[in-house]
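Engineer: File name target_27.tsv; file contents TSV, C-alpha atoms; full text below.
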```tsv
chain	number	residue	atom	x	y	z
A	1	MET	CA	-56.06	-124.72	57.52
A	2	ILE	CA	-59.20	-123.03	58.81
A	3	ARG	CA	-62.22	-123.34	56.52
A	4	ALA	CA	-64.36	-120.22	56.26
A	5	ILE	CA	-67.30	-118.97	54.25
A	6	ILE	CA	-68.52	-115.40	53.76
A	7	VAL	CA	-72.24	-114.67	53.56
A	8	GLU	CA	-72.69	-111.14	52.23
A	9	ASP	CA	-74.83	-109.75	49.42
A	10	ASP	CA	-72.48	-106.82	48.69
A	11	PRO	CA	-69.69	-108.24	46.46
A	12	MET	CA	-67.21	-105.51	47.39
A	13	VAL	CA	-67.70	-106.03	51.13
A	14	ALA	CA	-67.40	-109.79	50.64
A	15	GLN	CA	-64.07	-109.37	48.83
A	16	ILE	CA	-62.73	-107.03	51.51
A	17	ASN	CA	-63.71	-109.47	54.25
A	18	GLY	CA	-61.95	-112.22	52.31
A	19	GLN	CA	-58.77	-110.15	52.11
A	20	TYR	CA	-58.98	-109.36	55.82
A	21	LEU	CA	-59.31	-113.06	56.66
A	22	ARG	CA	-56.46	-114.20	54.44
A	23	GLN	CA	-54.01	-111.89	56.13
A	24	MET	CA	-54.97	-113.23	59.56
A	25	GLY	CA	-53.40	-116.65	58.98
A	26	ASP	CA	-54.21	-120.07	57.57
A	27	PHE	CA	-57.73	-119.37	56.32
A	28	ARG	CA	-59.19	-120.97	53.21
A	29	ILE	CA	-62.27	-119.22	51.84
A	30	GLU	CA	-64.45	-122.09	50.66
A	31	GLY	CA	-67.35	-120.02	49.43
A	32	MET	CA	-68.92	-116.59	49.17
A	33	PHE	CA	-72.72	-116.53	49.24
A	34	SER	CA	-75.14	-113.68	48.65
A	35	ASN	CA	-77.97	-115.17	50.74
A	36	GLY	CA	-78.47	-117.42	53.73
A	37	LEU	CA	-80.22	-120.21	51.85
A	38	GLU	CA	-77.22	-121.00	49.65
A	39	ALA	CA	-74.92	-120.77	52.65
A	40	LEU	CA	-77.09	-123.17	54.67
A	41	GLU	CA	-77.01	-125.73	51.87
A	42	HIS	CA	-73.22	-125.47	51.75
A	43	LEU	CA	-72.91	-125.89	55.53
A	44	ARG	CA	-75.17	-128.94	55.46
A	45	ARG	CA	-73.01	-130.59	52.80
A	46	ASN	CA	-69.53	-129.43	53.71
A	47	GLY	CA	-69.50	-127.73	57.11
A	48	ALA	CA	-67.04	-124.94	57.95
A	49	ASP	CA	-65.04	-123.62	60.87
A	50	LEU	CA	-66.12	-119.99	60.61
A	51	VAL	CA	-68.90	-117.97	58.98
A	52	ILE	CA	-68.60	-114.23	58.38
A	53	LEU	CA	-72.28	-113.36	58.29
A	54	ASP	CA	-74.28	-110.31	57.19
A	55	ILE	CA	-77.92	-109.95	58.29
A	56	TYR	CA	-79.75	-107.98	55.61
A	57	MET	CA	-79.85	-110.34	52.60
A	58	PRO	CA	-82.47	-111.73	50.20
A	59	SER	CA	-83.99	-115.25	50.30
A	60	MET	CA	-82.86	-115.92	53.87
A	61	ASN	CA	-81.35	-113.23	56.07
A	62	GLY	CA	-78.47	-113.75	58.46
A	63	SER	CA	-80.59	-114.00	61.60
A	64	GLU	CA	-82.71	-116.75	60.10
A	65	LEU	CA	-79.61	-118.56	58.88
A	66	LEU	CA	-78.13	-118.44	62.37
A	67	ARG	CA	-81.37	-119.79	63.88
A	68	ARG	CA	-81.48	-122.60	61.33
A	69	MET	CA	-77.85	-123.48	61.92
A	70	ARG	CA	-78.31	-123.83	65.66
A	71	GLY	CA	-81.65	-125.60	65.23
A	72	GLU	CA	-79.98	-128.19	63.00
A	73	GLY	CA	-77.02	-128.61	65.33
A	74	ILE	CA	-74.48	-126.90	63.06
A	75	PRO	CA	-71.88	-125.62	65.57
A	76	THR	CA	-69.85	-123.47	63.15
A	77	ALA	CA	-68.52	-120.27	64.73
A	78	VAL	CA	-70.13	-117.06	63.48
A	79	ILE	CA	-68.94	-113.46	63.36
A	80	MET	CA	-71.75	-111.06	62.50
A	81	VAL	CA	-70.81	-108.12	60.25
A	82	THR	CA	-73.90	-106.02	59.66
A	83	ALA	CA	-75.62	-102.66	59.62
A	84	ALA	CA	-78.33	-104.02	61.96
A	85	THR	CA	-78.36	-101.98	65.18
A	86	GLU	CA	-81.65	-103.14	66.72
A	87	MET	CA	-80.94	-104.36	70.24
A	88	LYS	CA	-83.28	-107.34	69.86
A	89	VAL	CA	-81.20	-108.51	66.86
A	90	VAL	CA	-77.97	-108.11	68.83
A	91	ASP	CA	-79.48	-109.92	71.82
A	92	GLU	CA	-80.74	-112.85	69.75
A	93	SER	CA	-77.39	-113.17	67.98
A	94	LEU	CA	-75.54	-113.28	71.30
A	95	ARG	CA	-77.96	-115.86	72.69
A	96	LEU	CA	-77.30	-118.04	69.64
A	97	GLY	CA	-73.60	-118.10	70.43
A	98	ILE	CA	-71.88	-115.76	67.99
A	99	VAL	CA	-68.19	-114.99	68.50
A	100	ASP	CA	-68.55	-111.25	67.89
A	101	TYR	CA	-70.85	-108.61	66.42
A	102	LEU	CA	-69.41	-105.92	64.13
A	103	ILE	CA	-71.53	-102.95	63.05
A	104	LYS	CA	-70.78	-101.53	59.60
A	105	PRO	CA	-68.69	-99.62	58.80
A	106	TYR	CA	-65.97	-101.29	60.87
A	107	SER	CA	-62.19	-100.92	60.76
A	108	PHE	CA	-59.69	-103.62	59.93
A	109	ASP	CA	-58.43	-103.46	63.53
A	110	ARG	CA	-61.92	-104.23	64.84
A	111	PHE	CA	-62.33	-107.07	62.34
A	112	ARG	CA	-58.96	-108.45	63.38
A	113	GLU	CA	-60.00	-108.33	67.04
A	114	ALA	CA	-63.07	-110.41	66.23
A	115	VAL	CA	-61.02	-112.98	64.32
A	116	ARG	CA	-58.53	-113.15	67.17
A	117	LYS	CA	-61.39	-114.02	69.53
A	118	PHE	CA	-62.37	-116.86	67.20
A	119	LEU	CA	-58.78	-118.09	66.86
A	120	THR	CA	-58.23	-118.04	70.61
A	121	LYS	CA	-61.35	-120.10	71.29
A	122	ASP	CA	-60.70	-122.44	68.38
A	123	ASN	CA	-57.12	-123.08	69.49
A	124	LEU	CA	-58.15	-123.69	73.09
A	125	LEU	CA	-60.89	-126.11	72.13
A	126	LYS	CA	-58.60	-128.05	69.79
A	127	SER	CA	-55.60	-128.18	72.12
A	128	SER	CA	-57.31	-128.91	75.46
A	129	THR	CA	-59.09	-132.08	76.53
A	130	THR	CA	-59.99	-130.75	79.98
A	131	ALA	CA	-60.65	-127.25	81.29
A	132	ASP	CA	-59.49	-125.40	84.37
A	133	GLN	CA	-60.77	-121.97	85.40
A	134	GLU	CA	-58.11	-120.13	83.37
A	135	VAL	CA	-59.09	-121.98	80.19
A	136	VAL	CA	-62.79	-121.32	80.79
A	137	ASP	CA	-62.11	-117.63	81.47
A	138	ARG	CA	-60.17	-117.33	78.22
A	139	LEU	CA	-62.97	-119.06	76.32
A	140	LEU	CA	-65.52	-116.63	77.73
A	141	VAL	CA	-63.44	-113.50	77.27
A	142	GLY	CA	-61.89	-114.60	74.00
A	143	SER	CA	-58.56	-112.83	74.54
A	144	PRO	CA	-55.26	-114.47	73.57
A	145	THR	CA	-52.57	-114.96	76.16
A	146	ALA	CA	-49.40	-112.92	75.79
A	147	GLY	CA	-47.18	-115.52	77.33
A	148	GLY	CA	-47.11	-118.83	79.11
A	149	GLU	CA	-47.39	-122.26	77.55
A	150	LEU	CA	-46.99	-122.32	73.79
A	151	ARG	CA	-49.93	-123.59	71.74
A	152	LYS	CA	-49.85	-127.25	70.77
A	153	GLY	CA	-48.22	-127.76	67.36
A	154	LEU	CA	-45.81	-124.82	67.66
A	155	ASN	CA	-42.14	-125.07	68.50
A	156	GLN	CA	-40.40	-122.54	70.76
A	157	ARG	CA	-37.15	-122.51	68.80
A	158	THR	CA	-38.93	-122.00	65.48
A	159	LEU	CA	-41.10	-119.26	66.96
A	160	ALA	CA	-38.03	-117.54	68.37
A	161	HIS	CA	-36.30	-117.85	64.99
A	162	VAL	CA	-39.12	-116.04	63.19
A	163	TYR	CA	-39.62	-113.47	65.94
A	164	GLU	CA	-35.91	-112.65	66.24
A	165	PHE	CA	-35.70	-112.02	62.50
A	166	LEU	CA	-38.61	-109.58	62.70
A	167	CYS	CA	-37.23	-107.87	65.81
A	168	GLY	CA	-33.87	-107.45	64.11
A	169	GLN	CA	-35.55	-105.39	61.41
A	170	TRP	CA	-38.44	-103.94	63.39
A	171	GLU	CA	-38.65	-100.76	61.27
A	172	GLU	CA	-39.31	-102.73	58.08
A	173	LYS	CA	-42.37	-104.50	56.72
A	174	HIS	CA	-41.98	-108.04	55.39
A	175	THR	CA	-43.91	-110.43	53.21
A	176	CYS	CA	-44.39	-114.06	54.07
A	177	GLU	CA	-42.11	-114.88	51.13
A	178	SER	CA	-39.29	-112.62	52.35
A	179	ILE	CA	-39.50	-114.07	55.88
A	180	SER	CA	-39.46	-117.57	54.43
A	181	ALA	CA	-36.34	-116.80	52.39
A	182	ALA	CA	-34.55	-115.20	55.33
A	183	THR	CA	-35.36	-117.93	57.88
A	184	GLY	CA	-35.18	-120.98	55.65
A	185	LEU	CA	-38.67	-122.04	56.70
A	186	SER	CA	-41.51	-122.93	54.34
A	187	LYS	CA	-44.19	-120.30	53.66
A	188	VAL	CA	-46.80	-122.56	55.28
A	189	THR	CA	-44.71	-122.76	58.47
A	190	VAL	CA	-44.03	-119.02	58.46
A	191	ARG	CA	-47.74	-118.24	58.14
A	192	ARG	CA	-48.54	-120.49	61.10
A	193	TYR	CA	-46.10	-118.64	63.35
A	194	LEU	CA	-47.07	-115.21	62.03
A	195	ASN	CA	-50.65	-116.08	62.86
A	196	TYR	CA	-49.67	-116.81	66.46
A	197	LEU	CA	-47.62	-113.61	66.72
A	198	ILE	CA	-50.55	-111.57	65.40
A	199	GLU	CA	-52.97	-113.25	67.83
A	200	THR	CA	-50.72	-112.43	70.78
A	201	GLY	CA	-50.28	-108.82	69.70
A	202	ARG	CA	-46.58	-108.92	68.85
A	203	VAL	CA	-46.91	-108.49	65.09
A	204	VAL	CA	-49.27	-106.36	63.01
A	205	SER	CA	-50.27	-106.91	59.39
A	206	SER	CA	-51.51	-104.65	56.63
A	207	ILE	CA	-52.65	-104.99	53.03
A	208	ASP	CA	-50.25	-103.93	50.25
A	209	TYR	CA	-52.27	-102.64	47.31
A	210	GLU	CA	-49.20	-101.59	45.31
A	211	THR	CA	-48.19	-105.03	44.08
A	212	GLY	CA	-49.38	-104.48	40.53
A	213	GLY	CA	-51.70	-107.46	40.89
A	214	ARG	CA	-53.46	-109.25	43.73
A	215	PRO	CA	-53.03	-107.34	47.03
A	216	GLY	CA	-50.36	-108.79	49.29
A	217	VAL	CA	-49.92	-108.88	53.05
A	218	LEU	CA	-47.14	-107.10	54.94
A	219	TYR	CA	-45.99	-107.98	58.47
A	220	LYS	CA	-44.20	-105.80	61.00
A	221	VAL	CA	-43.20	-106.44	64.58
A	222	LYS	CA	-44.45	-104.07	67.27
A	223	LYS	CA	-41.54	-102.26	68.89
A	224	GLU	CA	-43.24	-102.40	72.28
A	225	SER	CA	-44.05	-106.14	72.01
A	226	ALA	CA	-43.90	-108.37	75.07
A	227	PRO	CA	-41.18	-111.04	75.41
A	228	LEU	CA	-41.95	-114.41	73.89
A	229	PHE	CA	-41.34	-116.58	76.92
```
Can you turn what I pasted into structure tokens?

Structural biologist:
Amino acid sequence: MIRAIIVEDDPMVAQINGQYLRQMGDFRIEGMFSNGLEALEHLRRNGADLVILDIYMPSMNGSELLRRMRGEGIPTAVIMVTAATEMKVVDESLRLGIVDYLIKPYSFDRFREAVRKFLTKDNLLKSSTTADQEVVDRLLVGSPTAGGELRKGLNQRTLAHVYEFLCGQWEEKHTCESISAATGLSKVTVRRYLNYLIETGRVVSSIDYETGGRPGVLYKVKKESAPLF
């Protein structure tokens, strides 16, 4: 489970970002904060794997929070989502090691691309003890591989089982629950493999607002997807 916090003073934008994150995989939103000061206190006490960070906020803005984080040695990954277009702000954010910089208003596809960059780097750092040039290049570019060696912790047969089910019904959209029922795998396991398939561009996800309650997530395989192995 990837621990994330959202730092955004617009409640609606914060909720949308939370929905976007949840449909990207095993994310747990551990807090939503309307200013950088509260977020910094949380990071000091609890840490996090990822921060979705706005800039224009009261008390402490996002740029100051990012400076304080790095000054205090807090290495948490940061994706900026902001209306700030000043080049000096962009430049400083990049120098402080952000994963990506999204200018509002941004699309879900662009948000997903940013999260994929984070997931690719996070997975590489967690699964590799040494680096060759290919690993370093992927860390710098932040793009997931479409093939090759499967990520540590995933099983080829299980991945093929999930992917073959989706390919067999490529015109339909599925929920995590329906895939779980069809494959006999737990929802937690299904989400892990769906996350990998989304990262590698074989599956796309969308939000279903017609559930009658909390929005759900729908998954669909890309017809033109690359082979698994």

Engineer: Which residues come within 12 Å of Glu41 in chain A, counting all atoms listed in the file, excluding same-chain residues fewer than 4 positions away, as a list in words?

Structural biologist: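 In the requested format, the answer is Gly31, Phe33, Asn35, Gly36, Leu37, Arg45, Asn46, Gly47, Ala48, Met60, Leu65, Arg68, Met69, Glu72 and Ile74 of chain A.
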
Engineer: Name the closest residue to Glu164 in chain A among the candidates A:Ser178, A:Thr183, A:Gln23, A:Asn17; distances are taken between atoms, counting all atoms listed in the file.

Structural biologist: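 Using all atoms listed in the file, Glu164 in chain A sits closest to A:Thr183.
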
Engineer: Could you check which of A:Asp9, A:Glu199, A:Glu172, A:Asp26 is closest to Ala114 in chain A, using only C-alpha atoms?

Structural biologist: A:Glu199

Engineer: For each of A:Lys88, A:Lys104, A:Ile6, A:Leu159, take the minimum atom-to-atom distance to Leu197 in chain A, counting all atoms listed in the file, then give the residue where this is smallest.

Structural biologist: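 Using all atoms listed in the file, Leu197 in chain A sits closest to A:Leu159.
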
Engineer: Please provide as a list in words all residues within 9 Å of Leu194 in chain A, with the sequence filter that same-chain residues fewer than 6 positions apart are discarded (counting all atoms listed in the file).

Structural biologist: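 Answer for this query is Met24, Gly25, Leu159, Val162, Tyr163, Cys176, Val203 and Tyr219 of chain A.
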